[in-house]
file run28.pdb (PDB, C-alpha atoms)
ATOM      1  CA  MET E   1       0.000   0.000   0.000
ATOM      2  CA  PHE E   2       2.828   2.383   0.832
ATOM      3  CA  LEU E   3       4.513   1.945  -2.557
ATOM      4  CA  PHE E   4       1.188   2.180  -4.395
ATOM      5  CA  CYS E   5       0.338   5.336  -2.483
ATOM      6  CA  ARG E   6       3.596   7.073  -3.363
ATOM      7  CA  SER E   7       3.726   5.999  -7.004
ATOM      8  CA  ARG E   8       0.161   7.091  -7.689
ATOM      9  CA  VAL E   9       0.690  10.375  -5.870
ATOM     10  CA  ALA E  10       3.758  11.179  -7.951
ATOM     11  CA  THR E  11       1.667  10.764 -11.112
ATOM     12  CA  LEU E  12      -1.135  12.916  -9.729
ATOM     13  CA  LEU E  13       1.179  15.722  -8.677
ATOM     14  CA  LEU E  14       2.969  15.739 -12.014
ATOM     15  CA  ALA E  15      -0.427  16.165 -13.681
ATOM     16  CA  LEU E  16      -1.321  18.915 -11.221
ATOM     17  CA  LEU E  17       1.741  20.859 -12.317
ATOM     18  CA  THR E  18       1.090  20.584 -16.041
ATOM     19  CA  THR E  19      -2.675  20.875 -16.570
ATOM     20  CA  PRO E  20      -5.529  23.001 -15.184
ATOM     21  CA  SER E  21      -7.509  19.933 -14.110
ATOM     22  CA  ILE E  22      -6.697  16.377 -13.087
ATOM     23  CA  SER E  23      -8.576  13.289 -11.986
ATOM     24  CA  PHE E  24      -8.959  12.784  -8.240
ATOM     25  CA  GLY E  25      -9.924   9.571  -6.468
ATOM     26  CA  VAL E  26      -8.849   6.002  -7.095
ATOM     27  CA  ASN E  27     -11.836   4.603  -8.975
ATOM     28  CA  ARG E  28     -13.216   7.599 -10.850
ATOM     29  CA  GLU E  29     -11.691   9.269 -13.887
ATOM     30  CA  ASP E  30     -14.654  11.414 -14.975
ATOM     31  CA  ALA E  31     -14.497  14.166 -12.362
ATOM     32  CA  LYS E  32     -11.758  16.754 -12.234
ATOM     33  CA  VAL E  33      -9.725  18.830  -9.832
ATOM     34  CA  SER E  34     -10.158  22.401 -11.023
ATOM     35  CA  LEU E  35      -7.263  24.728 -10.267
ATOM     36  CA  SER E  36      -7.891  28.313  -9.209
ATOM     37  CA  THR E  37      -5.783  30.990 -10.867
ATOM     38  CA  LEU E  38      -3.508  33.479  -9.163
ATOM     39  CA  GLU E  39      -5.914  36.231 -10.192
ATOM     40  CA  GLN E  40      -8.870  34.463  -8.557
ATOM     41  CA  VAL E  41      -6.970  33.957  -5.314
ATOM     42  CA  LYS E  42      -5.779  37.570  -5.339
ATOM     43  CA  GLU E  43      -9.321  38.870  -5.826
ATOM     44  CA  ASP E  44     -10.533  37.043  -2.729
ATOM     45  CA  ALA E  45      -7.427  37.765  -0.645
ATOM     46  CA  VAL E  46      -7.848  41.542  -0.876
ATOM     47  CA  LYS E  47     -11.601  41.538  -0.211
ATOM     48  CA  VAL E  48     -11.316  41.566   3.554
ATOM     49  CA  ASN E  49     -14.078  42.410   5.993
ATOM     50  CA  CYS E  50     -12.277  44.204   8.815
ATOM     51  CA  ASP E  51     -15.170  43.888  11.268
ATOM     52  CA  ASN E  52     -14.705  40.842  13.510
ATOM     53  CA  ASP E  53     -18.449  40.599  14.009
ATOM     54  CA  GLU E  54     -18.975  40.233  10.256
ATOM     55  CA  ARG E  55     -16.224  37.707   9.530
ATOM     56  CA  LEU E  56     -18.448  34.643   9.946
ATOM     57  CA  LYS E  57     -20.864  35.987   7.331
ATOM     58  CA  ALA E  58     -17.906  36.739   5.069
ATOM     59  CA  VAL E  59     -16.712  33.123   5.328
ATOM     60  CA  HIS E  60     -20.199  31.879   4.524
ATOM     61  CA  ALA E  61     -20.327  34.129   1.448
ATOM     62  CA  LEU E  62     -16.879  33.030   0.289
ATOM     63  CA  PHE E  63     -17.798  29.332   0.538
ATOM     64  CA  GLU E  64     -20.899  30.044  -1.554
ATOM     65  CA  LYS E  65     -18.753  31.878  -4.104
ATOM     66  CA  MET E  66     -16.574  28.761  -4.282
ATOM     67  CA  GLY E  67     -19.651  26.742  -5.272
ATOM     68  CA  ALA E  68     -21.016  25.474  -1.955
ATOM     69  CA  GLN E  69     -24.752  25.266  -1.426
ATOM     70  CA  ALA E  70     -25.911  27.463   1.447
ATOM     71  CA  SER E  71     -27.717  24.465   2.945
ATOM     72  CA  ASP E  72     -24.424  22.526   3.138
ATOM     73  CA  ILE E  73     -22.661  25.189   5.203
ATOM     74  CA  VAL E  74     -23.111  24.512   8.902
ATOM     75  CA  VAL E  75     -22.404  26.893  11.765
ATOM     76  CA  ASP E  76     -21.512  24.728  14.749
ATOM     77  CA  LYS E  77     -22.063  26.627  18.005
ATOM     78  CA  ILE E  78     -20.263  25.222  21.041
ATOM     79  CA  ARG E  79     -19.770  27.154  24.276
ATOM     80  CA  LYS E  80     -20.129  30.620  22.725
ATOM     81  CA  VAL E  81     -17.782  29.870  19.848
ATOM     82  CA  GLU E  82     -18.919  29.371  16.249
ATOM     83  CA  ASN E  83     -17.123  27.210  13.694
ATOM     84  CA  VAL E  84     -18.182  27.282  10.048
ATOM     85  CA  ILE E  85     -18.096  23.744   8.651
ATOM     86  CA  LEU E  86     -18.431  22.385   5.130
ATOM     87  CA  ARG E  87     -18.195  18.638   4.598
ATOM     88  CA  LYS E  88     -17.472  16.697   1.419
ATOM     89  CA  GLN E  89     -18.348  13.028   1.770
ATOM     90  CA  GLY E  90     -15.740  10.438   0.797
ATOM     91  CA  SER E  91     -16.241   6.937  -0.540
ATOM     92  CA  SER E  92     -14.510   5.162   2.344
ATOM     93  CA  GLU E  93     -13.663   5.644   6.013
ATOM     94  CA  GLY E  94     -11.316   8.342   7.187
ATOM     95  CA  LEU E  95     -11.414  12.112   7.550
ATOM     96  CA  ILE E  96      -9.112  14.915   6.482
ATOM     97  CA  VAL E  97      -9.615  18.310   8.124
ATOM     98  CA  ILE E  98      -8.605  21.476   6.257
ATOM     99  CA  GLY E  99      -8.847  24.479   8.550
ATOM    100  CA  ALA E 100      -8.111  28.149   9.160
ATOM    101  CA  HIS E 101      -9.351  30.626  11.734
ATOM    102  CA  TYR E 102     -11.581  33.467  10.599
ATOM    103  CA  ASP E 103     -11.364  35.785  13.589
ATOM    104  CA  LYS E 104      -8.747  38.509  13.840
ATOM    105  CA  ALA E 105      -6.846  40.418  16.480
ATOM    106  CA  SER E 106      -8.437  43.503  18.014
ATOM    107  CA  VAL E 107      -6.288  45.813  15.862
ATOM    108  CA  GLY E 108      -5.719  45.811  12.124
ATOM    109  CA  CYS E 109      -7.831  44.311   9.398
ATOM    110  CA  GLY E 110      -6.656  40.713   9.784
ATOM    111  CA  ALA E 111      -5.847  40.402   6.087
ATOM    112  CA  VAL E 112      -2.709  38.351   6.746
ATOM    113  CA  ASP E 113      -3.871  36.898  10.077
ATOM    114  CA  ASN E 114      -5.981  35.217   8.969
ATOM    115  CA  TRP E 115      -8.197  36.068   6.025
ATOM    116  CA  SER E 116      -5.349  34.818   3.838
ATOM    117  CA  GLY E 117      -5.716  31.362   5.395
ATOM    118  CA  ILE E 118      -9.482  31.382   4.887
ATOM    119  CA  VAL E 119      -8.998  32.213   1.203
ATOM    120  CA  ALA E 120      -6.456  29.417   0.689
ATOM    121  CA  MET E 121      -8.763  26.917   2.394
ATOM    122  CA  ALA E 122     -11.777  28.045   0.368
ATOM    123  CA  HIS E 123      -9.909  27.585  -2.900
ATOM    124  CA  VAL E 124      -8.851  24.074  -1.887
ATOM    125  CA  TYR E 125     -12.570  23.384  -1.437
ATOM    126  CA  ARG E 126     -13.352  24.921  -4.836
ATOM    127  CA  SER E 127     -10.757  22.709  -6.497
ATOM    128  CA  LEU E 128     -12.046  19.474  -4.953
ATOM    129  CA  ARG E 129     -15.790  20.000  -4.578
ATOM    130  CA  ASN E 130     -16.794  18.200  -7.777
ATOM    131  CA  SER E 131     -14.326  15.341  -7.484
ATOM    132  CA  PRO E 132     -14.825  12.024  -5.680
ATOM    133  CA  ALA E 133     -12.443  11.378  -2.809
ATOM    134  CA  ASN E 134     -11.593   8.365  -0.709
ATOM    135  CA  ARG E 135     -11.655  10.274   2.574
ATOM    136  CA  SER E 136     -14.322  12.672   3.732
ATOM    137  CA  LEU E 137     -12.995  16.228   3.673
ATOM    138  CA  ILE E 138     -14.023  18.600   6.453
ATOM    139  CA  PHE E 139     -13.382  22.274   5.786
ATOM    140  CA  VAL E 140     -13.517  24.310   9.006
ATOM    141  CA  ALA E 141     -13.273  28.034   9.617
ATOM    142  CA  PHE E 142     -12.481  28.202  13.311
ATOM    143  CA  GLY E 143     -13.787  30.929  15.582
ATOM    144  CA  LYS E 144     -11.902  32.651  18.408
ATOM    145  CA  GLU E 145      -8.435  31.338  17.650
ATOM    146  CA  GLU E 146      -7.105  34.661  18.868
ATOM    147  CA  LYS E 147      -8.798  34.043  22.222
ATOM    148  CA  GLY E 148      -6.852  30.805  22.780
ATOM    149  CA  ARG E 149      -7.883  28.643  19.780
ATOM    150  CA  LEU E 150     -11.300  28.143  21.340
ATOM    151  CA  GLY E 151     -12.945  26.991  18.117
ATOM    152  CA  SER E 152     -10.510  24.185  17.349
ATOM    153  CA  LYS E 153     -10.425  23.132  20.999
ATOM    154  CA  ALA E 154     -14.214  22.853  21.009
ATOM    155  CA  MET E 155     -14.175  20.729  17.850
ATOM    156  CA  VAL E 156     -11.450  18.431  19.155
ATOM    157  CA  GLU E 157     -13.026  18.006  22.576
ATOM    158  CA  ALA E 158     -16.127  16.613  20.863
ATOM    159  CA  ILE E 159     -14.031  13.817  19.284
ATOM    160  CA  ASP E 160     -13.826  10.731  21.479
ATOM    161  CA  LYS E 161     -10.826   8.386  21.533
ATOM    162  CA  ALA E 162     -12.382   5.859  19.157
ATOM    163  CA  GLN E 163     -13.379   8.551  16.653
ATOM    164  CA  SER E 164      -9.926  10.143  16.671
ATOM    165  CA  LYS E 165      -8.517   7.160  14.776
ATOM    166  CA  GLN E 166     -10.749   8.115  11.845
ATOM    167  CA  TYR E 167      -8.944  11.454  11.505
ATOM    168  CA  CYS E 168      -6.134  10.868   9.016
ATOM    169  CA  ALA E 169      -4.680  14.384   9.164
ATOM    170  CA  MET E 170      -5.388  18.050   9.789
ATOM    171  CA  ILE E 171      -3.980  20.771   7.511
ATOM    172  CA  ASN E 172      -4.077  24.271   8.949
ATOM    173  CA  PHE E 173      -3.499  27.641   7.268
ATOM    174  CA  ASP E 174      -2.449  30.606   9.361
ATOM    175  CA  SER E 175      -1.019  33.969   8.274
ATOM    176  CA  LEU E 176      -0.090  33.661   4.617
ATOM    177  CA  GLY E 177       0.844  36.486   2.322
ATOM    178  CA  LEU E 178       4.228  37.758   3.494
ATOM    179  CA  GLY E 179       6.596  35.114   2.151
ATOM    180  CA  ALA E 180       6.996  31.642   0.694
ATOM    181  CA  PRO E 181       4.977  28.789   2.259
ATOM    182  CA  GLN E 182       6.536  27.411   5.408
ATOM    183  CA  VAL E 183       5.668  24.893   8.083
ATOM    184  CA  LEU E 184       5.475  25.957  11.707
ATOM    185  CA  GLU E 185       7.684  23.174  12.930
ATOM    186  CA  ASN E 186       7.001  23.279  16.658
ATOM    187  CA  ILE E 187       3.233  22.773  16.238
ATOM    188  CA  SER E 188       3.282  20.301  13.340
ATOM    189  CA  SER E 189       3.665  16.511  13.157
ATOM    190  CA  LYS E 190       7.066  15.291  11.951
ATOM    191  CA  LYS E 191       5.799  12.930   9.260
ATOM    192  CA  LEU E 192       3.537  15.592   7.797
ATOM    193  CA  ILE E 193       6.377  18.116   7.835
ATOM    194  CA  MET E 194       8.484  15.687   5.808
ATOM    195  CA  GLN E 195       5.621  15.096   3.410
ATOM    196  CA  VAL E 196       4.959  18.794   2.846
ATOM    197  CA  ALA E 197       8.653  19.326   2.141
ATOM    198  CA  GLU E 198       8.659  16.448  -0.327
ATOM    199  CA  VAL E 199       5.568  17.743  -2.127
ATOM    200  CA  ALA E 200       7.007  21.269  -2.315
ATOM    201  CA  LYS E 201      10.257  19.940  -3.769
ATOM    202  CA  ARG E 202       8.394  17.890  -6.342
ATOM    203  CA  MET E 203       6.291  20.900  -7.345
ATOM    204  CA  GLU E 204       9.327  23.227  -7.267
ATOM    205  CA  ILE E 205       7.534  25.539  -4.848
ATOM    206  CA  PRO E 206       9.744  27.599  -2.503
ATOM    207  CA  PHE E 207       9.413  26.125   0.963
ATOM    208  CA  GLY E 208      10.879  26.399   4.422
ATOM    209  CA  LYS E 209      10.335  25.186   7.952
ATOM    210  CA  GLY E 210      11.174  26.518  11.351
ATOM    211  CA  ALA E 211       9.914  27.091  14.862
ATOM    212  CA  LEU E 212       8.269  30.238  16.152
ATOM    213  CA  TYR E 213       7.909  29.985  19.899
ATOM    214  CA  GLY E 214       5.129  32.090  21.280
ATOM    215  CA  PRO E 215       2.701  32.105  18.330
ATOM    216  CA  ASP E 216       0.243  29.230  18.417
ATOM    217  CA  SER E 217      -2.383  27.991  15.988
ATOM    218  CA  ASP E 218      -5.219  25.516  15.570
ATOM    219  CA  SER E 219      -3.046  22.552  14.600
ATOM    220  CA  SER E 220      -1.988  22.393  18.255
ATOM    221  CA  SER E 221      -5.512  21.412  19.296
ATOM    222  CA  PHE E 222      -5.415  18.389  16.996
ATOM    223  CA  ILE E 223      -1.892  17.386  17.979
ATOM    224  CA  GLU E 224      -3.033  17.360  21.593
ATOM    225  CA  LYS E 225      -5.596  14.759  20.453
ATOM    226  CA  LYS E 226      -2.796  12.803  18.733
ATOM    227  CA  ILE E 227      -4.184  13.596  15.281
ATOM    228  CA  PRO E 228      -1.402  14.264  12.717
ATOM    229  CA  SER E 229      -1.478  17.979  11.964
ATOM    230  CA  VAL E 230       0.505  20.667  10.205
ATOM    231  CA  THR E 231       0.338  24.464  10.074
ATOM    232  CA  ILE E 232       1.311  26.118   6.791
ATOM    233  CA  HIS E 233       2.108  29.819   7.106
ATOM    234  CA  GLY E 234       3.694  32.542   5.023
ATOM    235  CA  VAL E 235       5.252  34.963   7.484
ATOM    236  CA  ALA E 236       8.678  36.372   6.742
ATOM    237  CA  GLY E 237      10.925  39.360   7.347
ATOM    238  CA  ASP E 238       9.500  41.929   9.743
ATOM    239  CA  PHE E 239       6.247  40.057  10.202
ATOM    240  CA  LEU E 240       5.991  41.250  13.810
ATOM    241  CA  LYS E 241       5.407  44.727  12.383
ATOM    242  CA  VAL E 242       2.305  43.343  10.636
ATOM    243  CA  ILE E 243       0.763  40.534  12.696
ATOM    244  CA  HIS E 244      -1.484  41.825  15.490
ATOM    245  CA  THR E 245      -0.818  45.449  14.540
ATOM    246  CA  PRO E 246      -2.737  48.155  12.648
ATOM    247  CA  ASN E 247      -0.502  47.328   9.665
ATOM    248  CA  ASP E 248      -2.286  44.028   8.963
ATOM    249  CA  GLN E 249      -4.110  45.387   5.922
ATOM    250  CA  PRO E 250      -4.987  44.048   2.435
ATOM    251  CA  THR E 251      -2.271  46.219   0.901
ATOM    252  CA  VAL E 252       0.506  44.159   2.543
ATOM    253  CA  VAL E 253      -0.758  40.778   1.274
ATOM    254  CA  ASN E 254       1.351  39.171  -1.436
ATOM    255  CA  ALA E 255      -1.184  37.158  -3.431
ATOM    256  CA  THR E 256       1.498  34.843  -4.822
ATOM    257  CA  SER E 257       2.312  33.710  -1.280
ATOM    258  CA  VAL E 258      -1.347  32.820  -0.688
ATOM    259  CA  TYR E 259      -1.601  31.109  -4.072
ATOM    260  CA  LEU E 260       1.482  28.947  -3.536
ATOM    261  CA  ALA E 261       0.203  27.851  -0.121
ATOM    262  CA  TYR E 262      -3.135  26.926  -1.696
ATOM    263  CA  ARG E 263      -1.427  24.885  -4.420
ATOM    264  CA  LEU E 264       0.859  23.184  -1.921
ATOM    265  CA  ALA E 265      -1.990  22.233   0.415
ATOM    266  CA  LEU E 266      -4.180  21.067  -2.450
ATOM    267  CA  SER E 267      -1.482  18.638  -3.522
ATOM    268  CA  LEU E 268      -0.998  17.534   0.070
ATOM    269  CA  VAL E 269      -4.713  16.759   0.470
ATOM    270  CA  ILE E 270      -4.645  14.720  -2.732
ATOM    271  CA  GLU E 271      -1.634  12.825  -1.447
ATOM    272  CA  ILE E 272      -3.110  12.061   1.967
ATOM    273  CA  ASP E 273      -6.337  10.915   0.320
ATOM    274  CA  GLN E 274      -4.458   8.218  -1.594
ATOM    275  CA  CYS E 275      -2.626   6.861   1.437
ATOM    276  CA  ARG E 276      -3.566   4.746   4.421
ATOM    277  CA  CYS E 277      -5.286   6.782   7.101
ATOM    278  CA  ASP E 278      -2.529   5.955   9.580
ATOM    279  CA  GLU E 279       0.275   6.799   7.156
ATOM    280  CA  PHE E 280       1.321   9.956   8.986
ATOM    281  CA  ARG E 281       0.859   8.882  12.616
TER     282      ARG E 281
END
call {"tool": "encode", "arguments": {"input": "run28.pdb", "output": "structure tokens"}}
result
Amino acid sequence: MFLFCRSRVATLLLALLTTPSISFGVNREDAKVSLSTLEQVKEDAVKVNCDNDERLKAVHALFEKMGAQASDIVVDKIRKVENVILRKQGSSEGLIVIGAHYDKASVGCGAVDNWSGIVAMAHVYRSLRNSPANRSLIFVAFGKEEKGRLGSKAMVEAIDKAQSKQYCAMINFDSLGLGAPQVLENISSKKLIMQVAEVAKRMEIPFGKGALYGPDSDSSSFIEKKIPSVTIHGVAGDFLKVIHTPNDQPTVVNATSVYLAYRLALSLVIEIDQCRCDEFR
């Protein structure tokens, strides 16, 4: 299974690099993965609602723009925190979570932290929504991450020990738009870090990894539940002059950074979908 997984994935990722659509799923060749363009990602990345109270509605609207039916978008309310959830059913057991937090700090517009992550996640959904998958895909916009990742904690606390084995991986976006995609090493699972690096190398996407002690993100909630998780970010340079400051505005967002993170994560989801659910534990 391991060799089959890797050989098939290599073929899929090569196709993803060379054509605007590829087949997704083991047994179906009629549905396609539709790639978003840089221009489409840029358009959504700069349309930021700077009002924290309106961000949930903005996420809902963005999911609908990506092709989701309003009736399929669920707002899960747990202990005064609201997560926006969109589920795509797979053909077999296993779950892959793709997440990003939609709330922002009290200052700034939250364009980098973390509307950029919401946009990348939404475009992964757009690319995969019409394609069959082996695993069920759960797209989650987490609430109140800035208050102590309350949204992801609430979701994880509702998963019992037996259910946790069904979670193959969690891919988290947080603070894209300032530099090349990177993995936040201290809050990501080792096997997933290695896999992201391998995928980036294969796709010839600039990539880095490193630890940032102090900043936290929603992947930590899943790691605490022993679910393989990874946070992909795009902070670089003087990011501390942007994150959690009045300078976090749409004008500082580099759309190419967001686009590359979207492409990288899309390929990673495709890869995980082809592998055993316990491949990255």
call {"tool": "resolve_selection", "arguments": {"input": "run28.pdb", "expression": "the PyMOL selection byres ((chain E and resi 231-244) around 9)", "output": "PyMOL selection string"}}
result
chain E and resi 104-108+110+112-113+117+170-185+187-188+217-220+229-230+245-249+252+257-258+261+265
call {"tool": "atom_distance", "arguments": {"input": "run28.pdb", "atom1": "atom CA of E:Arg281", "atom2": "atom CA of E:Pro132"}}
result
24.3 Å
call {"tool": "closest_residue", "arguments": {"input": "run28.pdb", "among": "E:Tyr262, E:Phe207, E:Tyr125, E:Phe139", "to": "E:Val41", "atoms": "only C-alpha atoms"}}
result
E:Tyr262
call {"tool": "atom_distance", "arguments": {"input": "run28.pdb", "atom1": "atom CA of E:Lys47", "atom2": "atom CA of E:Val253"}}
result
11.0 Å
call {"tool": "atom_distance", "arguments": {"input": "run28.pdb", "atom1": "atom CA of E:Val119", "atom2": "atom CA of E:Ser189"}}
result
23.4 Å
call {"tool": "closest_residue", "arguments": {"input": "run28.pdb", "among": "E:Ile193, E:Ala61, E:Ile98, E:Val199", "to": "E:Ala211", "atoms": "all atoms listed in the file"}}
result
E:Ile193
call {"tool": "residues_around", "arguments": {"input": "run28.pdb", "residues": "stretch 76-86 of chain E", "least_positions_apart": "3", "cutoff": "8 Å", "atoms": "only C-alpha atoms", "output": "PyMOL selection string"}}
result
chain E and resi 56+59-60+72-73+138-144+150-151+154
call {"tool": "resolve_selection", "arguments": {"input": "run28.pdb", "expression": "the PyMOL selection byres ((chain E and resi 126) around 9)", "output": "number ranges by chain"}}
result
E: 33-36, 63, 65-68, 121-125, 127-130
call {"tool": "write_last_selection", "arguments": {"input": "run28.pdb", "atoms": "C-alpha atoms", "output": "PDB file, in the frame of the given file"}}
result
ATOM      1  CA  VAL E  33      -9.725  18.830  -9.832  1.00  0.00           C
ATOM      2  CA  SER E  34     -10.158  22.401 -11.023  1.00  0.00           C
ATOM      3  CA  LEU E  35      -7.263  24.728 -10.267  1.00  0.00           C
ATOM      4  CA  SER E  36      -7.891  28.313  -9.209  1.00  0.00           C
ATOM      5  CA  PHE E  63     -17.798  29.332   0.538  1.00  0.00           C
ATOM      6  CA  LYS E  65     -18.753  31.878  -4.104  1.00  0.00           C
ATOM      7  CA  MET E  66     -16.574  28.761  -4.282  1.00  0.00           C
ATOM      8  CA  GLY E  67     -19.651  26.742  -5.272  1.00  0.00           C
ATOM      9  CA  ALA E  68     -21.016  25.474  -1.955  1.00  0.00           C
ATOM     10  CA  MET E 121      -8.763  26.917   2.394  1.00  0.00           C
ATOM     11  CA  ALA E 122     -11.777  28.045   0.368  1.00  0.00           C
ATOM     12  CA  HIS E 123      -9.909  27.585  -2.900  1.00  0.00           C
ATOM     13  CA  VAL E 124      -8.851  24.074  -1.887  1.00  0.00           C
ATOM     14  CA  TYR E 125     -12.570  23.384  -1.437  1.00  0.00           C
ATOM     15  CA  SER E 127     -10.757  22.709  -6.497  1.00  0.00           C
ATOM     16  CA  LEU E 128     -12.046  19.474  -4.953  1.00  0.00           C
ATOM     17  CA  ARG E 129     -15.790  20.000  -4.578  1.00  0.00           C
ATOM     18  CA  ASN E 130     -16.794  18.200  -7.777  1.00  0.00           C
TER      19      ASN E 130
END
call {"tool": "closest_residue", "arguments": {"input": "run28.pdb", "among": "E:Lys153, E:Lys226, E:Lys161, E:Lys88", "to": "E:Gln69", "atoms": "all atoms listed in the file"}}
result
E:Lys88
call {"tool": "closest_residue", "arguments": {"input": "run28.pdb", "among": "E:Ile272, E:Ile159, E:Ala111, E:Leu260", "to": "E:Ala133", "atoms": "all atoms listed in the file"}}
result
E:Ile272
call {"tool": "residues_near_point", "arguments": {"input": "run28.pdb", "point": "(-14.0, 38.8, 5.7)", "cutoff": "9 Å", "atoms": "all atoms listed in the file", "output": "ChimeraX atom specification"}}
result
/E:47-52,54-59,61-62,102-103,110-111,115,118
call {"tool": "closest_residue", "arguments": {"input": "run28.pdb", "among": "E:Arg87, E:Arg276, E:Arg263, E:His101", "to": "E:Lys147", "atoms": "all atoms listed in the file"}}
result
E:His101
call {"tool": "residues_near_point", "arguments": {"input": "run28.pdb", "point": "(-20.6, 7.9, 4.8)", "cutoff": "12 Å", "atoms": "all atoms listed in the file", "output": "MDAnalysis selection string"}}
result
chainID E and resid 87:95 133:137
call {"tool": "closest_residue", "arguments": {"input": "run28.pdb", "among": "E:Ala100, E:Ala158, E:Cys275, E:Leu268", "to": "E:Glu198", "atoms": "only C-alpha atoms"}}
result
E:Leu268
